file protein_15.tsv (TSV, C-alpha atoms and all ligand atoms)
chain	number	residue	atom	x	y	z
O	1	MET	CA	-51.11	37.62	63.12
O	2	THR	CA	-49.21	35.74	60.43
O	3	LEU	CA	-49.33	31.97	60.20
O	4	ARG	CA	-45.83	30.67	59.57
O	5	LEU	CA	-46.01	27.56	57.45
O	6	PHE	CA	-42.29	26.88	57.59
O	7	PRO	CA	-41.03	28.06	60.98
O	8	ASP	CA	-37.63	26.47	60.42
O	9	VAL	CA	-36.84	28.39	57.26
O	10	PRO	CA	-34.45	31.18	58.22
O	11	ALA	CA	-35.08	34.75	57.13
O	12	VAL	CA	-33.28	35.51	53.91
O	13	PRO	CA	-31.80	38.95	53.37
O	14	HIS	CA	-32.95	40.26	50.00
O	15	GLY	CA	-32.93	38.53	46.64
O	16	GLY	CA	-35.68	36.15	45.64
O	17	ASP	CA	-38.93	36.38	47.51
O	18	SER	CA	-38.71	39.35	49.79
O	19	PHE	CA	-41.47	38.50	52.25
O	20	THR	CA	-40.53	36.62	55.34
O	21	SER	CA	-41.20	36.64	59.04
O	22	LEU	CA	-38.26	36.76	61.38
O	23	GLY	CA	-40.10	36.31	64.64
O	24	ASN	CA	-43.57	34.85	64.62
O	25	GLY	CA	-45.15	38.26	64.28
O	26	TRP	CA	-45.40	40.93	61.62
O	27	PRO	CA	-44.56	40.13	57.98
O	28	VAL	CA	-41.37	41.90	57.06
O	29	GLU	CA	-40.23	42.75	53.54
O	30	SER	CA	-36.54	42.95	52.78
O	31	LEU	CA	-35.58	46.19	51.00
O	32	ALA	CA	-31.88	45.34	50.97
O	33	GLU	CA	-29.47	43.46	53.17
O	34	GLY	CA	-30.11	44.77	56.68
O	35	ALA	CA	-33.15	46.94	55.76
O	36	TRP	CA	-36.60	45.66	56.64
O	37	LEU	CA	-39.98	47.19	55.77
O	38	LEU	CA	-42.88	46.49	58.16
O	39	ARG	CA	-45.94	47.68	56.22
O	40	GLY	CA	-48.57	49.22	58.47
O	41	PHE	CA	-46.77	48.26	61.67
O	42	ALA	CA	-47.53	51.66	63.27
O	43	ILE	CA	-51.22	51.90	62.20
O	44	GLY	CA	-52.53	50.72	65.55
O	45	ALA	CA	-50.30	53.17	67.47
O	46	ALA	CA	-50.80	56.11	65.11
O	47	GLN	CA	-53.29	58.06	67.25
O	48	THR	CA	-51.09	57.76	70.32
O	49	LEU	CA	-47.96	58.68	68.35
O	50	TRP	CA	-49.76	61.71	66.90
O	51	ARG	CA	-50.88	62.93	70.34
O	52	GLU	CA	-47.27	62.70	71.52
O	53	ILE	CA	-45.93	64.44	68.40
O	54	GLU	CA	-48.32	67.35	69.05
O	55	ARG	CA	-47.08	67.56	72.64
O	56	VAL	CA	-43.40	67.51	71.62
O	57	ILE	CA	-43.78	70.17	68.91
O	58	LYS	CA	-45.60	72.47	71.33
O	59	GLU	CA	-42.59	72.30	73.66
O	60	ALA	CA	-39.86	72.23	70.99
O	61	PRO	CA	-41.37	73.81	67.86
O	62	LEU	CA	-40.60	72.58	64.36
O	63	ARG	CA	-38.11	74.79	62.53
O	64	GLN	CA	-36.22	74.88	59.24
O	65	MET	CA	-32.58	74.29	60.05
O	66	SER	CA	-29.72	75.62	57.99
O	67	THR	CA	-27.09	73.33	56.55
O	68	PRO	CA	-23.36	74.03	56.87
O	69	GLY	CA	-23.55	75.19	53.25
O	70	GLY	CA	-25.97	77.92	54.32
O	71	GLN	CA	-29.09	76.48	52.65
O	72	LYS	CA	-32.32	76.22	54.61
O	73	MET	CA	-33.74	72.70	54.65
O	74	SER	CA	-37.25	72.52	53.17
O	75	VAL	CA	-38.30	69.98	55.81
O	76	ARG	CA	-39.20	71.25	59.29
O	77	THR	CA	-37.60	69.37	62.17
O	78	THR	CA	-37.46	69.01	65.92
O	79	SER	CA	-36.32	66.31	68.34
O	80	CYS	CA	-37.03	64.57	71.60
O	81	GLY	CA	-34.91	62.33	73.77
O	82	GLU	CA	-31.61	62.74	75.62
O	83	VAL	CA	-30.08	64.52	72.62
O	84	GLY	CA	-31.47	66.08	69.46
O	85	TRP	CA	-30.09	66.38	65.96
O	86	VAL	CA	-29.16	69.96	65.06
O	87	SER	CA	-27.68	71.60	62.01
O	88	ASP	CA	-26.28	75.08	61.52
O	89	ARG	CA	-23.41	76.86	59.76
O	90	LYS	CA	-20.96	75.00	62.01
O	91	GLY	CA	-22.16	71.54	60.96
O	92	TYR	CA	-24.39	68.63	61.95
O	93	ARG	CA	-24.35	67.14	65.44
O	94	TYR	CA	-26.38	65.84	68.36
O	95	ALA	CA	-26.90	68.32	71.18
O	96	ALA	CA	-28.37	67.99	74.68
O	97	CYS	CA	-30.07	71.40	74.35
O	98	ASP	CA	-32.46	72.76	71.76
O	99	PRO	CA	-30.72	75.86	70.39
O	100	GLU	CA	-34.13	77.50	69.84
O	101	SER	CA	-35.98	76.98	73.08
O	102	THR	CA	-35.96	74.22	75.63
O	103	CYS	CA	-33.15	72.52	77.48
O	104	PRO	CA	-33.30	69.57	77.75
O	105	TRP	CA	-35.33	68.39	74.77
O	106	PRO	CA	-38.75	66.89	75.54
O	107	ALA	CA	-38.47	63.32	76.85
O	108	LEU	CA	-38.76	60.44	74.40
O	109	PRO	CA	-42.42	59.34	74.72
O	110	GLU	CA	-42.93	55.77	75.94
O	111	SER	CA	-45.02	55.01	72.82
O	112	PHE	CA	-42.08	55.99	70.53
O	113	LEU	CA	-39.70	53.80	72.49
O	114	HIS	CA	-42.07	50.83	72.52
O	115	LEU	CA	-42.77	51.05	68.79
O	116	ALA	CA	-39.06	51.32	67.94
O	117	GLN	CA	-38.10	48.39	70.15
O	118	THR	CA	-40.86	46.06	68.93
O	119	ALA	CA	-40.12	46.93	65.27
O	120	ALA	CA	-36.37	46.46	65.75
O	121	THR	CA	-36.97	43.10	67.40
O	122	GLU	CA	-39.22	41.97	64.51
O	123	ALA	CA	-36.39	42.89	62.14
O	124	GLY	CA	-33.82	40.89	64.09
O	125	TYR	CA	-32.26	43.77	66.05
O	126	ALA	CA	-33.26	42.84	69.62
O	127	GLY	CA	-31.87	45.10	72.35
O	128	PHE	CA	-32.18	48.38	70.42
O	129	VAL	CA	-32.26	51.31	72.87
O	130	PRO	CA	-32.79	54.61	71.05
O	131	ASP	CA	-31.89	57.83	72.89
O	132	SER	CA	-33.09	60.33	70.28
O	133	CYS	CA	-35.99	60.81	67.91
O	134	LEU	CA	-35.88	63.25	65.03
O	135	ILE	CA	-39.31	64.48	63.95
O	136	ASN	CA	-39.51	65.64	60.32
O	137	ARG	CA	-42.54	67.43	58.88
O	138	TYR	CA	-42.86	67.45	55.09
O	139	ASP	CA	-45.38	69.77	53.45
O	140	PRO	CA	-46.29	69.27	49.77
O	141	GLY	CA	-43.27	70.15	47.62
O	142	THR	CA	-40.66	69.56	50.33
O	143	ARG	CA	-38.00	66.91	49.96
O	144	MET	CA	-34.81	65.50	51.45
O	145	SER	CA	-31.80	65.18	49.17
O	146	LEU	CA	-29.56	62.11	49.16
O	147	HIS	CA	-27.40	61.86	52.28
O	148	GLN	CA	-25.92	59.40	54.76
O	149	ASP	CA	-26.75	59.31	58.47
O	150	LYS	CA	-23.32	59.33	60.07
O	151	ASP	CA	-23.56	61.75	62.99
O	152	GLU	CA	-24.26	58.89	65.40
O	153	ARG	CA	-21.54	57.32	67.53
O	154	ASP	CA	-22.44	53.68	66.99
O	155	PHE	CA	-23.26	52.39	63.50
O	156	ALA	CA	-23.93	48.91	64.91
O	157	ALA	CA	-27.30	50.16	66.16
O	158	PRO	CA	-30.09	50.29	63.57
O	159	ILE	CA	-32.34	53.28	62.83
O	160	VAL	CA	-36.11	52.85	62.98
O	161	SER	CA	-38.23	55.17	60.83
O	162	VAL	CA	-42.00	55.66	61.03
O	163	SER	CA	-44.04	57.27	58.24
O	164	LEU	CA	-47.29	59.09	59.05
O	165	GLY	CA	-49.75	61.08	56.93
O	166	PHE	CA	-49.15	61.69	53.21
O	167	ASP	CA	-47.13	59.04	51.43
O	168	ALA	CA	-43.68	59.57	49.97
O	169	ILE	CA	-41.33	58.11	47.43
O	170	PHE	CA	-38.25	57.08	49.33
O	171	LEU	CA	-34.88	56.90	47.54
O	172	PHE	CA	-32.54	54.16	48.67
O	173	GLY	CA	-29.05	54.33	47.23
O	174	GLY	CA	-25.79	52.55	47.86
O	175	LEU	CA	-22.66	53.29	49.83
O	176	ARG	CA	-21.47	55.75	47.19
O	177	ARG	CA	-23.38	58.92	46.37
O	178	ASN	CA	-23.37	58.01	42.67
O	179	ASP	CA	-24.98	54.56	43.14
O	180	ARG	CA	-28.37	54.72	41.45
O	181	PRO	CA	-31.10	54.72	44.13
O	182	SER	CA	-34.13	52.43	44.07
O	183	ARG	CA	-37.56	53.91	44.81
O	184	THR	CA	-40.03	52.66	47.40
O	185	ARG	CA	-43.34	54.28	48.27
O	186	LEU	CA	-43.86	54.63	52.01
O	187	TYR	CA	-47.40	54.95	53.37
O	188	HIS	CA	-49.03	56.07	56.59
O	189	GLY	CA	-48.14	53.55	59.28
O	190	ASP	CA	-45.14	52.01	57.53
O	191	VAL	CA	-42.06	51.32	59.64
O	192	VAL	CA	-38.58	50.63	58.26
O	193	VAL	CA	-35.65	49.27	60.23
O	194	TRP	CA	-32.26	50.17	58.75
O	195	GLY	CA	-29.34	48.26	60.13
O	196	GLY	CA	-26.26	46.22	59.35
O	197	PRO	CA	-24.94	46.81	55.83
O	198	ALA	CA	-27.86	49.20	55.05
O	199	ARG	CA	-27.01	51.55	57.89
O	200	LEU	CA	-24.65	53.81	55.93
O	201	ARG	CA	-26.40	53.76	52.56
O	202	PHE	CA	-27.37	57.01	50.90
O	203	HIS	CA	-31.08	57.82	51.08
O	204	GLY	CA	-33.52	60.64	50.49
O	205	VAL	CA	-37.14	61.57	49.83
O	206	LEU	CA	-38.59	62.94	46.55
O	207	PRO	CA	-40.76	66.07	46.76
O	208	ILE	CA	-44.02	65.20	48.51
O	209	ALA	CA	-47.12	65.37	46.31
O	210	SER	CA	-50.22	67.07	47.63
O	211	SER	CA	-53.00	64.54	47.96
O	212	ALA	CA	-56.00	64.62	45.60
O	213	ASP	CA	-58.00	63.19	48.52
O	214	GLY	CA	-57.34	66.26	50.67
O	215	PRO	CA	-55.58	66.33	54.01
O	216	HIS	CA	-54.84	63.11	55.85
O	217	PRO	CA	-57.65	62.49	58.39
O	218	LEU	CA	-55.30	62.22	61.38
O	219	ILE	CA	-52.14	64.10	60.35
O	220	GLY	CA	-53.51	66.89	58.13
O	221	PRO	CA	-51.84	68.10	54.91
O	222	HIS	CA	-48.38	66.76	55.81
O	223	ARG	CA	-46.08	63.80	55.97
O	224	PHE	CA	-44.43	63.26	59.33
O	225	ASN	CA	-41.45	60.97	59.74
O	226	LEU	CA	-40.00	59.81	63.03
O	227	THR	CA	-36.44	58.48	63.04
O	228	LEU	CA	-35.43	56.75	66.24
O	229	ARG	CA	-31.72	56.47	66.79
O	230	LYS	CA	-29.06	55.52	69.26
O	231	ALA	CA	-27.06	58.72	68.83
O	232	THR	CA	-24.59	58.66	71.75
C	1	LIG	C1	-31.46	54.49	55.28
C	1	LIG	N1	-35.31	61.00	56.99
C	1	LIG	O1	-34.00	62.26	58.94
C	1	LIG	S1	-36.34	58.06	57.08
C	1	LIG	C2	-33.30	61.62	58.12
C	1	LIG	O2	-38.37	60.20	55.56
C	1	LIG	C3	-33.98	60.95	57.00
C	1	LIG	O3	-37.73	61.82	56.85
C	1	LIG	C4	-36.08	60.47	55.90
C	1	LIG	O4	-33.34	60.41	56.18
C	1	LIG	C5	-37.50	60.84	56.13
C	1	LIG	O5	-32.09	61.48	58.21
C	1	LIG	C6	-35.91	59.04	55.70
C	1	LIG	C7	-35.59	56.62	56.53
C	1	LIG	C8	-34.16	56.39	56.81
C	1	LIG	C9	-33.56	56.84	57.95
C	1	LIG	C10	-32.26	56.52	58.20
C	1	LIG	C11	-31.54	55.73	57.31
C	1	LIG	C12	-33.47	55.63	55.93
C	1	LIG	C13	-32.15	55.29	56.15
C	1	LIG	C14	-30.21	55.35	57.53
C	1	LIG	C15	-29.54	54.56	56.65
C	1	LIG	C16	-30.16	54.13	55.51
C	2	FE	FE	-31.31	60.20	56.85

call {"tool": "encode", "arguments": {"input": "protein_15.tsv", "output": "structure tokens", "more": "lines below"}}
Ligand code: MD3
Ligand code: FE
result
Amino acid sequence: MTLRLFPDVPAVPHGGDSFTSLGNGWPVESLAEGAWLLRGFAIGAAQTLWREIERVIKEAPLRQMSTPGGQKMSVRTTSCGEVGWVSDRKGYRYAACDPESTCPWPALPESFLHLAQTAATEAGYAGFVPDSCLINRYDPGTRMSLHQDKDERDFAAPIVSVSLGFDAIFLFGGLRRNDRPSRTRLYHGDVVVWGGPARLRFHGVLPIASSADGPHPLIGPHRFNLTLRKAT
């Protein structure tokens, strides 16, 4: 619980002191206009989220998708929800069926939905209703190159991302590919809400380092990232 000394001071988007509290709950850190970091917001839910991740990946196994350019992604992915993000030689899109196995995709677990909605509300995006969750598994050495998320229908909705397991250096660029990205380390339990003017910014993840402390006690020798989206 955070004590708000100045409840009448409005939340300021970026610039100056970056810690604020939009509701009367979790302290949020502004990464940029529209992008809010909630450090450790998912720690309390992590065991439940992990149990659900294990269930989803049993039903819809993680796989390395190919990009339209023909390269295999180093990250392993799967989805749950009404639609799932897929990539192949024909392009990127959301699909109601998993091309590899199940149709429909596994349902979006209640714990994913609850976490996404409470985080979005803390960040000032009340009413967020995600219909898809992409699950990314990073093993040491894997990365995600700079890209924009623009396969969704409605850019007014934010994206909520949850980091679990090994930490990562996240690259946050601008609206042009050549804008120099800033770097932010994301830890187990961190949640970021990306909305408004941040929604279409380029972003990526540097190659994951293997941990000197051994595997993560809950997640093992990986980083998992959940991205909850309103895709349709
Ligand atoms: C910034 N995943 O799956 S999540 C992706 O850590 C993706 O697995 C990364 O980028 C990961 O597309 C980053 C953080 C994220 C997600 C969506 C964003 C950052 C974003 C959309 C706009 C700006
Ligand atoms: Fe992305």

call {"tool": "closest_residue", "arguments": {"input": "protein_15.tsv", "among": "O:Val160, O:Arg185, O:Ala32, O:Pro104", "to": "Gln117 of chain O", "atoms": "all atoms listed in the file"}}
result
O:Val160

call {"tool": "residues_near_ligand", "arguments": {"input": "protein_15.tsv", "ligand": "ligand FE 2 (chain C)", "cutoff": "12 Å", "atoms": "all atoms listed in the file", "output": "number ranges by chain"}}
result
O: 85, 134-136, 143-152, 159-161, 170-173, 194, 198-205, 225-229

call {"tool": "closest_residue", "arguments": {"input": "protein_15.tsv", "among": "O:Thr142, O:Thr232, O:Thr77, O:Ser101", "to": "Ala60 of chain O", "atoms": "only C-alpha atoms"}}
result
O:Ser101

call {"tool": "residues_near_point", "arguments": {"input": "protein_15.tsv", "point": "(-41.6, 66.0, 46.7)", "cutoff": "6 Å", "atoms": "only C-alpha atoms", "output": "number ranges by chain"}}
result
O: 141-143, 206-209

call {"tool": "write_last_selection", "arguments": {"input": "protein_15.tsv", "atoms": "C-alpha atoms", "output": "mmCIF file, keeping the file's coordinate frame"}}
result
data_model
loop_
_atom_site.group_PDB
_atom_site.id
_atom_site.type_symbol
_atom_site.label_atom_id
_atom_site.label_comp_id
_atom_site.auth_asym_id
_atom_site.auth_seq_id
_atom_site.Cartn_x
_atom_site.Cartn_y
_atom_site.Cartn_z
ATOM 1 C CA GLY O 141 -43.270 70.150 47.620
ATOM 2 C CA THR O 142 -40.660 69.560 50.330
ATOM 3 C CA ARG O 143 -38.000 66.910 49.960
ATOM 4 C CA LEU O 206 -38.590 62.940 46.550
ATOM 5 C CA PRO O 207 -40.760 66.070 46.760
ATOM 6 C CA ILE O 208 -44.020 65.200 48.510
ATOM 7 C CA ALA O 209 -47.120 65.370 46.310
#

call {"tool": "closest_residue", "arguments": {"input": "protein_15.tsv", "among": "O:Pro68, O:Gly34, O:Gly214, O:Gly81", "to": "ligand LIG 1 (chain C)", "atoms": "only C-alpha atoms and all ligand atoms"}}
result
O:Gly34

call {"tool": "closest_residue", "arguments": {"input": "protein_15.tsv", "among": "O:Ser66, O:Gly127, O:Ser111, O:Trp105", "to": "Ser87 of chain O", "atoms": "all atoms listed in the file"}}
result
O:Ser66

call {"tool": "atom_distance", "arguments": {"input": "protein_15.tsv", "atom1": "atom CA of Asp190 of chain O", "atom2": "atom CA of Leu164 of chain O"}}
result
7.6 Å

call {"tool": "axis_aligned_box", "arguments": {"input": "protein_15.tsv", "around": "ligand LIG 1 (chain C)", "padding_each_side": "5 Å", "output": "AutoDock Vina command-line options"}}
result
--center_x -34.0 --center_y 58.2 --center_z 57.1 --size_x 18.8 --size_y 18.1 --size_z 13.7

call {"tool": "closest_residue", "arguments": {"input": "protein_15.tsv", "among": "O:Val86, O:Ala126, O:Cys103, O:Ala46", "to": "ligand LIG 1 (chain C)", "atoms": "only C-alpha atoms and all ligand atoms"}}
result
O:Val86

call {"tool": "build_atoms", "arguments": {"input": "protein_15.tsv", "residues": "segment 35-65 of chain O", "atoms": "N, CA and C atoms", "output": "PDB file, in the frame of the given file"}}
result
ATOM      1  N   ALA O  35     -32.044  45.956  55.734  1.00  0.00           N
ATOM      2  CA  ALA O  35     -33.150  46.940  55.760  1.00  0.00           C
ATOM      3  C   ALA O  35     -34.480  46.210  55.615  1.00  0.00           C
ATOM      4  N   TRP O  36     -35.347  46.404  56.577  1.00  0.00           N
ATOM      5  CA  TRP O  36     -36.600  45.660  56.640  1.00  0.00           C
ATOM      6  C   TRP O  36     -37.795  46.604  56.712  1.00  0.00           C
ATOM      7  N   LEU O  37     -38.760  46.372  55.826  1.00  0.00           N
ATOM      8  CA  LEU O  37     -39.980  47.190  55.770  1.00  0.00           C
ATOM      9  C   LEU O  37     -41.117  46.421  56.451  1.00  0.00           C
ATOM     10  N   LEU O  38     -41.732  47.052  57.444  1.00  0.00           N
ATOM     11  CA  LEU O  38     -42.880  46.490  58.160  1.00  0.00           C
ATOM     12  C   LEU O  38     -44.097  47.333  57.785  1.00  0.00           C
ATOM     13  N   ARG O  39     -44.795  46.910  56.730  1.00  0.00           N
ATOM     14  CA  ARG O  39     -45.940  47.680  56.220  1.00  0.00           C
ATOM     15  C   ARG O  39     -47.031  47.785  57.273  1.00  0.00           C
ATOM     16  N   GLY O  40     -47.430  49.020  57.577  1.00  0.00           N
ATOM     17  CA  GLY O  40     -48.570  49.220  58.470  1.00  0.00           C
ATOM     18  C   GLY O  40     -48.324  48.905  59.933  1.00  0.00           C
ATOM     19  N   PHE O  41     -47.076  48.675  60.287  1.00  0.00           N
ATOM     20  CA  PHE O  41     -46.770  48.260  61.670  1.00  0.00           C
ATOM     21  C   PHE O  41     -47.203  49.310  62.695  1.00  0.00           C
ATOM     22  N   ALA O  42     -47.209  50.602  62.309  1.00  0.00           N
ATOM     23  CA  ALA O  42     -47.530  51.660  63.270  1.00  0.00           C
ATOM     24  C   ALA O  42     -48.995  52.123  63.183  1.00  0.00           C
ATOM     25  N   ILE O  43     -49.817  51.458  62.356  1.00  0.00           N
ATOM     26  CA  ILE O  43     -51.220  51.900  62.200  1.00  0.00           C
ATOM     27  C   ILE O  43     -51.950  51.903  63.542  1.00  0.00           C
ATOM     28  N   GLY O  44     -51.804  50.834  64.285  1.00  0.00           N
ATOM     29  CA  GLY O  44     -52.530  50.720  65.550  1.00  0.00           C
ATOM     30  C   GLY O  44     -52.093  51.752  66.579  1.00  0.00           C
ATOM     31  N   ALA O  45     -50.849  52.209  66.506  1.00  0.00           N
ATOM     32  CA  ALA O  45     -50.300  53.170  67.470  1.00  0.00           C
ATOM     33  C   ALA O  45     -50.416  54.609  66.974  1.00  0.00           C
ATOM     34  N   ALA O  46     -50.912  54.793  65.747  1.00  0.00           N
ATOM     35  CA  ALA O  46     -50.800  56.110  65.110  1.00  0.00           C
ATOM     36  C   ALA O  46     -51.446  57.245  65.914  1.00  0.00           C
ATOM     37  N   GLN O  47     -52.618  56.994  66.493  1.00  0.00           N
ATOM     38  CA  GLN O  47     -53.290  58.060  67.250  1.00  0.00           C
ATOM     39  C   GLN O  47     -52.479  58.465  68.466  1.00  0.00           C
ATOM     40  N   THR O  48     -51.930  57.483  69.147  1.00  0.00           N
ATOM     41  CA  THR O  48     -51.090  57.760  70.320  1.00  0.00           C
ATOM     42  C   THR O  48     -49.815  58.482  69.896  1.00  0.00           C
ATOM     43  N   LEU O  49     -49.183  58.017  68.836  1.00  0.00           N
ATOM     44  CA  LEU O  49     -47.960  58.680  68.350  1.00  0.00           C
ATOM     45  C   LEU O  49     -48.258  60.126  67.996  1.00  0.00           C
ATOM     46  N   TRP O  50     -49.407  60.350  67.344  1.00  0.00           N
ATOM     47  CA  TRP O  50     -49.760  61.710  66.900  1.00  0.00           C
ATOM     48  C   TRP O  50     -49.983  62.638  68.090  1.00  0.00           C
ATOM     49  N   ARG O  51     -50.664  62.130  69.130  1.00  0.00           N
ATOM     50  CA  ARG O  51     -50.880  62.930  70.340  1.00  0.00           C
ATOM     51  C   ARG O  51     -49.534  63.339  70.935  1.00  0.00           C
ATOM     52  N   GLU O  52     -48.592  62.405  70.957  1.00  0.00           N
ATOM     53  CA  GLU O  52     -47.270  62.700  71.520  1.00  0.00           C
ATOM     54  C   GLU O  52     -46.470  63.665  70.635  1.00  0.00           C
ATOM     55  N   ILE O  53     -46.610  63.515  69.316  1.00  0.00           N
ATOM     56  CA  ILE O  53     -45.930  64.440  68.400  1.00  0.00           C
ATOM     57  C   ILE O  53     -46.434  65.870  68.659  1.00  0.00           C
ATOM     58  N   GLU O  54     -47.753  66.009  68.801  1.00  0.00           N
ATOM     59  CA  GLU O  54     -48.320  67.350  69.050  1.00  0.00           C
ATOM     60  C   GLU O  54     -47.774  67.944  70.343  1.00  0.00           C
ATOM     61  N   ARG O  55     -47.606  67.092  71.351  1.00  0.00           N
ATOM     62  CA  ARG O  55     -47.080  67.560  72.640  1.00  0.00           C
ATOM     63  C   ARG O  55     -45.614  68.001  72.491  1.00  0.00           C
ATOM     64  N   VAL O  56     -44.826  67.193  71.790  1.00  0.00           N
ATOM     65  CA  VAL O  56     -43.400  67.510  71.620  1.00  0.00           C
ATOM     66  C   VAL O  56     -43.239  68.818  70.831  1.00  0.00           C
ATOM     67  N   ILE O  57     -44.015  68.980  69.759  1.00  0.00           N
ATOM     68  CA  ILE O  57     -43.780  70.170  68.910  1.00  0.00           C
ATOM     69  C   ILE O  57     -44.341  71.444  69.542  1.00  0.00           C
ATOM     70  N   LYS O  58     -45.179  71.296  70.563  1.00  0.00           N
ATOM     71  CA  LYS O  58     -45.600  72.470  71.330  1.00  0.00           C
ATOM     72  C   LYS O  58     -44.430  72.956  72.192  1.00  0.00           C
ATOM     73  N   GLU O  59     -43.700  71.989  72.748  1.00  0.00           N
ATOM     74  CA  GLU O  59     -42.590  72.300  73.660  1.00  0.00           C
ATOM     75  C   GLU O  59     -41.322  72.687  72.896  1.00  0.00           C
ATOM     76  N   ALA O  60     -41.062  71.994  71.812  1.00  0.00           N
ATOM     77  CA  ALA O  60     -39.860  72.230  70.990  1.00  0.00           C
ATOM     78  C   ALA O  60     -40.337  72.389  69.538  1.00  0.00           C
ATOM     79  N   PRO O  61     -40.700  73.617  69.150  1.00  0.00           N
ATOM     80  CA  PRO O  61     -41.370  73.810  67.860  1.00  0.00           C
ATOM     81  C   PRO O  61     -40.526  73.367  66.658  1.00  0.00           C
ATOM     82  N   LEU O  62     -41.242  72.924  65.629  1.00  0.00           N
ATOM     83  CA  LEU O  62     -40.600  72.580  64.360  1.00  0.00           C
ATOM     84  C   LEU O  62     -39.954  73.840  63.790  1.00  0.00           C
ATOM     85  N   ARG O  63     -38.797  73.657  63.150  1.00  0.00           N
ATOM     86  CA  ARG O  63     -38.110  74.790  62.530  1.00  0.00           C
ATOM     87  C   ARG O  63     -37.323  74.306  61.318  1.00  0.00           C
ATOM     88  N   GLN O  64     -37.040  75.217  60.410  1.00  0.00           N
ATOM     89  CA  GLN O  64     -36.220  74.880  59.240  1.00  0.00           C
ATOM     90  C   GLN O  64     -34.784  75.162  59.586  1.00  0.00           C
ATOM     91  N   MET O  65     -33.987  74.107  59.705  1.00  0.00           N
ATOM     92  CA  MET O  65     -32.580  74.290  60.050  1.00  0.00           C
ATOM     93  C   MET O  65     -31.771  74.656  58.820  1.00  0.00           C
TER      94      MET O  65
END
